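What follows is a single structure, written as structure tokens, with notes after it.
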Amino acid sequence: MQVVIKANYDEISKEAALTVKQRLMEKPSFVLGLATGSTPLGLYKELIRMHKEEGLSFSHMVTFNLDEYLGLAPDHPQSYNFFMWENLFKHININPRNVYIPDGKVKPVDVEEYCEWYESRIKKFGGIDLQILGIGRDGHIGFNEPGSSLGSRTRVKTLTEETMQDNARFFKDPSEVPTYSITMGVGTVMEAKEILMVASGKNKAQVIATAIEGGVTAQVTASVLQLHKKVTVFLDEEAASLLKRKKYYNFVAEAVKKFQAIKES
Ligand code: F6R
């Protein structure tokens, strides 16, 4: 796991977007796993800028979103489908047929079959090349709340009270926050070839320290990333403030750059 600490949110967004750009240029048909929430907004804004100002093309890219609220129609203003179109897709040249987001309106009776289908689509495209993640204050990735099996697959998950409170800021009335979601499982996320996590702000500092430097536990599902072979975590100073090995992570980041320069010379 590489931990990259930058001065502020703007810098982590730009750095993370640069990784997406590099991967996209290496493989135009690459499969990108996407997250919603406040944290990746800066990264999406930067991708939009790269499209408009640098001509970065997304026409062959395929995307799979991590999760969706169960019960919300795709055009519901608080649905993750709506969020993705508003904050990224409608501003870039993505082919709508290449966009996959769990369907919040799938009937409860059909949901298991639907989740299997979602997994099979990911497989059909050869798996996720790069998965973008945020992290919840309770350590969730996607909507894999504490206690989620570390081998779990796409399924229905009940949200914790903490997550419902955190997400209430997007709804007019807190009682409108759905109780259930469809989310890729921890096992599904772990199959991505590469993972990029972004976290910003003081309110993420504790969970970041626990997930990165604590033990691997289903109580903090993000901690399982310690077992993945290619993860980069982009943090601003505030989110990194409780890390014990911060100095070493900064030293590594510099050493990696130097090593890269040696390789290229
Ligand atoms: C949403 C998702 C969640 C968020 C997490 C953090 O698709 O995957 O795990 O990443 O709840 O949300 P923010 O970024 O709003 O703090």
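Ligands are numbered from 1 in the order shown, residues from 1 within each chain, and chains are lettered A, B, ... in the order they appear in the structure tokens.
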Spatial neighbours of Leu150 of chain A, 10 Å, only C-alpha atoms, chain gap at least 5 places, as a short mmCIF file (atom, residue, chain, number, x, y, z; two decimals) with all heavy atoms, in the first residue's frame:
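Full text of around-v1.cif as output:
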```cif
data_model
loop_
_atom_site.label_atom_id
_atom_site.label_comp_id
_atom_site.auth_asym_id
_atom_site.auth_seq_id
_atom_site.Cartn_x
_atom_site.Cartn_y
_atom_site.Cartn_z
N ASN A 144 -20.17 -1.35 2.34
CA ASN A 144 -19.81 -2.52 3.15
C ASN A 144 -19.56 -2.06 4.58
O ASN A 144 -18.45 -1.69 4.96
CB ASN A 144 -18.59 -3.22 2.55
CG ASN A 144 -18.93 -3.84 1.22
OD1 ASN A 144 -19.63 -4.86 1.18
ND2 ASN A 144 -18.50 -3.21 0.15
N GLY A 185 -19.46 -6.18 -3.14
CA GLY A 185 -18.95 -6.71 -1.89
C GLY A 185 -17.48 -6.36 -1.69
O GLY A 185 -16.81 -5.87 -2.61
N VAL A 186 -16.99 -6.65 -0.50
CA VAL A 186 -15.56 -6.43 -0.22
C VAL A 186 -14.73 -7.33 -1.15
O VAL A 186 -13.71 -6.91 -1.71
CB VAL A 186 -15.23 -6.72 1.26
CG1 VAL A 186 -13.77 -6.44 1.55
CG2 VAL A 186 -16.12 -5.91 2.19
N GLY A 187 -15.21 -8.55 -1.32
CA GLY A 187 -14.50 -9.50 -2.21
C GLY A 187 -14.49 -8.99 -3.65
O GLY A 187 -13.49 -9.15 -4.36
N THR A 188 -15.59 -8.38 -4.08
CA THR A 188 -15.65 -7.83 -5.44
C THR A 188 -14.62 -6.72 -5.59
O THR A 188 -13.86 -6.68 -6.57
CB THR A 188 -17.07 -7.25 -5.72
OG1 THR A 188 -18.06 -8.07 -5.13
CG2 THR A 188 -17.32 -7.08 -7.19
N VAL A 189 -14.58 -5.81 -4.61
CA VAL A 189 -13.63 -4.68 -4.65
C VAL A 189 -12.20 -5.21 -4.68
O VAL A 189 -11.35 -4.72 -5.44
CB VAL A 189 -13.85 -3.76 -3.43
CG1 VAL A 189 -12.73 -2.72 -3.31
CG2 VAL A 189 -15.21 -3.07 -3.51
N MET A 190 -11.94 -6.22 -3.88
CA MET A 190 -10.57 -6.74 -3.76
C MET A 190 -10.08 -7.40 -5.05
O MET A 190 -8.88 -7.61 -5.22
CB MET A 190 -10.48 -7.72 -2.60
CG MET A 190 -10.50 -7.04 -1.24
SD MET A 190 -9.06 -6.01 -0.95
CE MET A 190 -7.86 -7.25 -0.48
N VAL A 216 -6.32 -5.97 10.33
CA VAL A 216 -7.34 -6.22 9.31
C VAL A 216 -8.56 -6.82 9.99
O VAL A 216 -8.45 -7.84 10.67
CB VAL A 216 -6.80 -7.19 8.22
CG1 VAL A 216 -7.90 -7.58 7.25
CG2 VAL A 216 -5.62 -6.56 7.49
N THR A 217 -9.69 -6.16 9.84
CA THR A 217 -10.89 -6.64 10.51
C THR A 217 -12.15 -6.27 9.72
O THR A 217 -12.20 -5.18 9.11
CB THR A 217 -11.00 -6.07 11.95
OG1 THR A 217 -12.31 -6.31 12.46
CG2 THR A 217 -10.75 -4.57 12.00
N ALA A 218 -13.13 -7.15 9.77
CA ALA A 218 -14.41 -6.87 9.11
C ALA A 218 -15.14 -5.72 9.79
O ALA A 218 -16.09 -5.18 9.24
CB ALA A 218 -15.28 -8.13 9.12
N GLN A 219 -14.67 -5.33 10.98
CA GLN A 219 -15.30 -4.18 11.66
C GLN A 219 -14.93 -2.85 11.00
O GLN A 219 -15.56 -1.84 11.24
CB GLN A 219 -14.91 -4.17 13.15
CG GLN A 219 -15.49 -5.32 13.94
CD GLN A 219 -17.02 -5.41 13.80
OE1 GLN A 219 -17.71 -4.42 13.90
NE2 GLN A 219 -17.52 -6.61 13.54
N VAL A 220 -13.84 -2.87 10.23
CA VAL A 220 -13.42 -1.68 9.46
C VAL A 220 -13.10 -2.22 8.07
O VAL A 220 -11.96 -2.61 7.80
CB VAL A 220 -12.16 -1.04 10.09
CG1 VAL A 220 -11.75 0.22 9.34
CG2 VAL A 220 -12.37 -0.75 11.55
N THR A 221 -14.10 -2.27 7.21
CA THR A 221 -13.88 -3.05 5.98
C THR A 221 -12.73 -2.50 5.12
O THR A 221 -12.07 -3.26 4.42
CB THR A 221 -15.18 -3.20 5.15
OG1 THR A 221 -15.75 -1.92 4.94
CG2 THR A 221 -16.16 -4.11 5.85
N ALA A 222 -12.47 -1.19 5.23
CA ALA A 222 -11.36 -0.62 4.44
C ALA A 222 -10.01 -1.21 4.85
O ALA A 222 -9.05 -1.16 4.07
CB ALA A 222 -11.31 0.90 4.61
N SER A 223 -9.91 -1.78 6.05
CA SER A 223 -8.62 -2.32 6.50
C SER A 223 -8.17 -3.50 5.63
O SER A 223 -6.98 -3.79 5.55
CB SER A 223 -8.70 -2.77 7.97
OG SER A 223 -9.59 -3.85 8.10
N VAL A 224 -9.12 -4.12 4.94
CA VAL A 224 -8.76 -5.27 4.09
C VAL A 224 -7.86 -4.85 2.93
O VAL A 224 -7.15 -5.68 2.34
CB VAL A 224 -10.03 -6.00 3.59
CG1 VAL A 224 -10.69 -5.23 2.46
CG2 VAL A 224 -9.72 -7.43 3.15
#
```
Report as a PyMOL selection string: the residues of segment 5-72 of chain A with a DSSP assignment of alpha helix (DSSP H), based on the backbone of this structure.
-> chain A and resi 9-26+41-54
Atom-to-atom span, atom CA of Gly127 of chain A and atom CA of Val233 of chain A, Å = 20.8 Å
List every residue of segment 185-227 of chain A that has an atom at most 10 Å from any atom of segment 20-32 of chain A, giving for each one its closest atom pair and the distance in Å to one decimal, counting only C-alpha atoms, sorted by chain and then by ascending residue number, as CSV.
```
residue,atom,partner,partner_atom,distance
A:Ala192,CA,A:Leu32,CA,9.2
A:Lys193,CA,A:Val31,CA,10.0
A:Glu194,CA,A:Leu32,CA,9.8
A:Ile195,CA,A:Leu32,CA,9.9
A:Leu196,CA,A:Val20,CA,9.2
```
Generate a file of the selected residues that holds all heavy atoms, formatted as a tab-separated table (two decimals), in the first residue's frame.
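Contents of out-v4.tsv, as written:
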```tsv
chain	number	residue	atom	x	y	z
A	192	ALA	N	-10.37	-6.00	-7.95
A	192	ALA	CA	-9.90	-4.97	-8.87
A	192	ALA	C	-8.37	-5.08	-8.98
A	192	ALA	O	-7.70	-5.39	-8.00
A	192	ALA	CB	-10.28	-3.58	-8.35
A	193	LYS	N	-7.85	-4.81	-10.18
A	193	LYS	CA	-6.41	-4.99	-10.37
A	193	LYS	C	-5.62	-3.92	-9.61
A	193	LYS	O	-4.50	-4.15	-9.20
A	193	LYS	CB	-6.07	-4.95	-11.86
A	193	LYS	CG	-6.59	-6.21	-12.55
A	193	LYS	CD	-6.68	-6.07	-14.05
A	193	LYS	CE	-7.69	-7.09	-14.57
A	193	LYS	NZ	-8.45	-6.64	-15.71
A	194	GLU	N	-6.24	-2.76	-9.48
A	194	GLU	CA	-5.58	-1.67	-8.77
A	194	GLU	C	-6.65	-0.87	-8.03
A	194	GLU	O	-7.78	-0.75	-8.51
A	194	GLU	CB	-4.86	-0.77	-9.79
A	194	GLU	CG	-4.14	0.39	-9.16
A	194	GLU	CD	-3.34	1.23	-10.18
A	194	GLU	OE1	-3.38	0.92	-11.39
A	194	GLU	OE2	-2.70	2.19	-9.73
A	195	ILE	N	-6.29	-0.33	-6.89
A	195	ILE	CA	-7.26	0.43	-6.08
A	195	ILE	C	-6.66	1.78	-5.70
A	195	ILE	O	-5.48	1.87	-5.35
A	195	ILE	CB	-7.67	-0.36	-4.82
A	195	ILE	CG1	-8.42	-1.63	-5.23
A	195	ILE	CG2	-8.53	0.49	-3.88
A	195	ILE	CD1	-8.81	-2.55	-4.10
A	196	LEU	N	-7.50	2.78	-5.77
A	196	LEU	CA	-7.07	4.13	-5.43
A	196	LEU	C	-8.10	4.70	-4.44
A	196	LEU	O	-9.28	4.79	-4.76
A	196	LEU	CB	-7.08	4.90	-6.75
A	196	LEU	CG	-6.47	6.25	-6.90
A	196	LEU	CD1	-6.26	6.51	-8.39
A	196	LEU	CD2	-7.37	7.27	-6.32
```
9 Å shell around ligand 1 using only C-alpha atoms and all ligand atoms, listed as a ChimeraX atom specification | /A:34-41,65-68,80,132-145,163,166-167,183,197-200,203-204
Residue with the minimum atom-to-atom distance to Val177 of chain A, picked from A:Ser57, A:Gln78, A:Gln226, A:Ser149 with only C-alpha atoms counted, is A:Gln78
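Using only C-alpha atoms, the smallest distance between any of A:Ser152, A:Leu235, A:Glu191, A:Val62 and Arg121 of chain A comes from A:Val62.
Interatomic distance, atom CA of Pro77 of chain A against atom CA of Phe171 of chain A: 9.0 Å.
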Nearest to Gly104 of chain A: which of A:Gln260, A:Ser79, A:Asn87, A:Gln165 is it, counting only C-alpha atoms?
-> A:Ser79
In Å to one decimal, how far is atom CA of Gln131 of chain A from atom CA of Glu15 of chain A?
-> 15.1 Å
Polymer residues at most 8 Å from segment 88-98 of chain A, only C-alpha atoms, same-chain spacing of 3 or more positions, as a PyMOL selection string = chain A and resi 44-45+48+51-52+57-63+84-85
Generate a file of the selected residues that holds N, CA and C atoms, formatted as a PDB file, in the first residue's frame.
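The file below, selection-v8.pdb, is the result:
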```pdb
ATOM      1  N   TYR A  44     -13.384  14.048 -10.057  1.00  0.00           N
ATOM      2  CA  TYR A  44     -14.247  14.056 -11.241  1.00  0.00           C
ATOM      3  C   TYR A  44     -14.167  15.407 -11.964  1.00  0.00           C
ATOM      4  N   LYS A  45     -14.082  16.463 -11.166  1.00  0.00           N
ATOM      5  CA  LYS A  45     -13.966  17.808 -11.750  1.00  0.00           C
ATOM      6  C   LYS A  45     -12.685  17.923 -12.592  1.00  0.00           C
ATOM      7  N   ILE A  48     -13.026  16.065 -15.832  1.00  0.00           N
ATOM      8  CA  ILE A  48     -13.823  16.879 -16.771  1.00  0.00           C
ATOM      9  C   ILE A  48     -12.920  17.951 -17.407  1.00  0.00           C
ATOM     10  N   HIS A  51     -10.753  16.440 -19.969  1.00  0.00           N
ATOM     11  CA  HIS A  51     -11.505  16.171 -21.198  1.00  0.00           C
ATOM     12  C   HIS A  51     -11.664  17.453 -22.018  1.00  0.00           C
ATOM     13  N   LYS A  52     -12.087  18.527 -21.330  1.00  0.00           N
ATOM     14  CA  LYS A  52     -12.377  19.779 -22.051  1.00  0.00           C
ATOM     15  C   LYS A  52     -11.125  20.503 -22.521  1.00  0.00           C
ATOM     16  N   SER A  57     -10.000  11.483 -23.909  1.00  0.00           N
ATOM     17  CA  SER A  57     -11.214  10.823 -24.392  1.00  0.00           C
ATOM     18  C   SER A  57     -11.595   9.638 -23.512  1.00  0.00           C
ATOM     19  N   PHE A  58     -12.900   9.547 -23.244  1.00  0.00           N
ATOM     20  CA  PHE A  58     -13.428   8.460 -22.412  1.00  0.00           C
ATOM     21  C   PHE A  58     -14.329   7.541 -23.251  1.00  0.00           C
ATOM     22  N   SER A  59     -14.236   7.658 -24.572  1.00  0.00           N
ATOM     23  CA  SER A  59     -15.241   7.020 -25.416  1.00  0.00           C
ATOM     24  C   SER A  59     -15.235   5.484 -25.343  1.00  0.00           C
ATOM     25  N   HIS A  60     -14.116   4.882 -24.979  1.00  0.00           N
ATOM     26  CA  HIS A  60     -14.085   3.417 -24.891  1.00  0.00           C
ATOM     27  C   HIS A  60     -14.058   2.913 -23.448  1.00  0.00           C
ATOM     28  N   MET A  61     -14.044   3.830 -22.508  1.00  0.00           N
ATOM     29  CA  MET A  61     -13.952   3.425 -21.097  1.00  0.00           C
ATOM     30  C   MET A  61     -15.278   2.807 -20.631  1.00  0.00           C
ATOM     31  N   VAL A  62     -15.153   1.809 -19.771  1.00  0.00           N
ATOM     32  CA  VAL A  62     -16.337   1.160 -19.187  1.00  0.00           C
ATOM     33  C   VAL A  62     -16.313   1.466 -17.692  1.00  0.00           C
ATOM     34  N   THR A  63     -17.471   1.787 -17.105  1.00  0.00           N
ATOM     35  CA  THR A  63     -17.472   2.092 -15.670  1.00  0.00           C
ATOM     36  C   THR A  63     -18.487   1.235 -14.904  1.00  0.00           C
ATOM     37  N   MET A  84     -23.853  10.587 -10.542  1.00  0.00           N
ATOM     38  CA  MET A  84     -22.781  10.318 -11.509  1.00  0.00           C
ATOM     39  C   MET A  84     -22.980  11.089 -12.809  1.00  0.00           C
ATOM     40  N   TRP A  85     -24.257  11.174 -13.256  1.00  0.00           N
ATOM     41  CA  TRP A  85     -24.501  11.903 -14.512  1.00  0.00           C
ATOM     42  C   TRP A  85     -24.270  13.384 -14.319  1.00  0.00           C
TER      43      TRP A  85
END
```
Of the candidates A:Ser241, A:Ser148, A:Ser13, A:Ser120, which shows the shortest atom-to-atom distance to Thr160 of chain A, using only C-alpha atoms?
-> A:Ser148
Between A:Glu162, A:Glu86, A:Glu213, A:Asp129, which one has atoms that come closest to Phe64 of chain A, using only C-alpha atoms?
-> A:Asp129
Restricting to only C-alpha atoms, whichever of A:Ser265, A:Leu130, A:Asn250, A:Lys257 is closest to Ala7 of chain A is A:Asn250
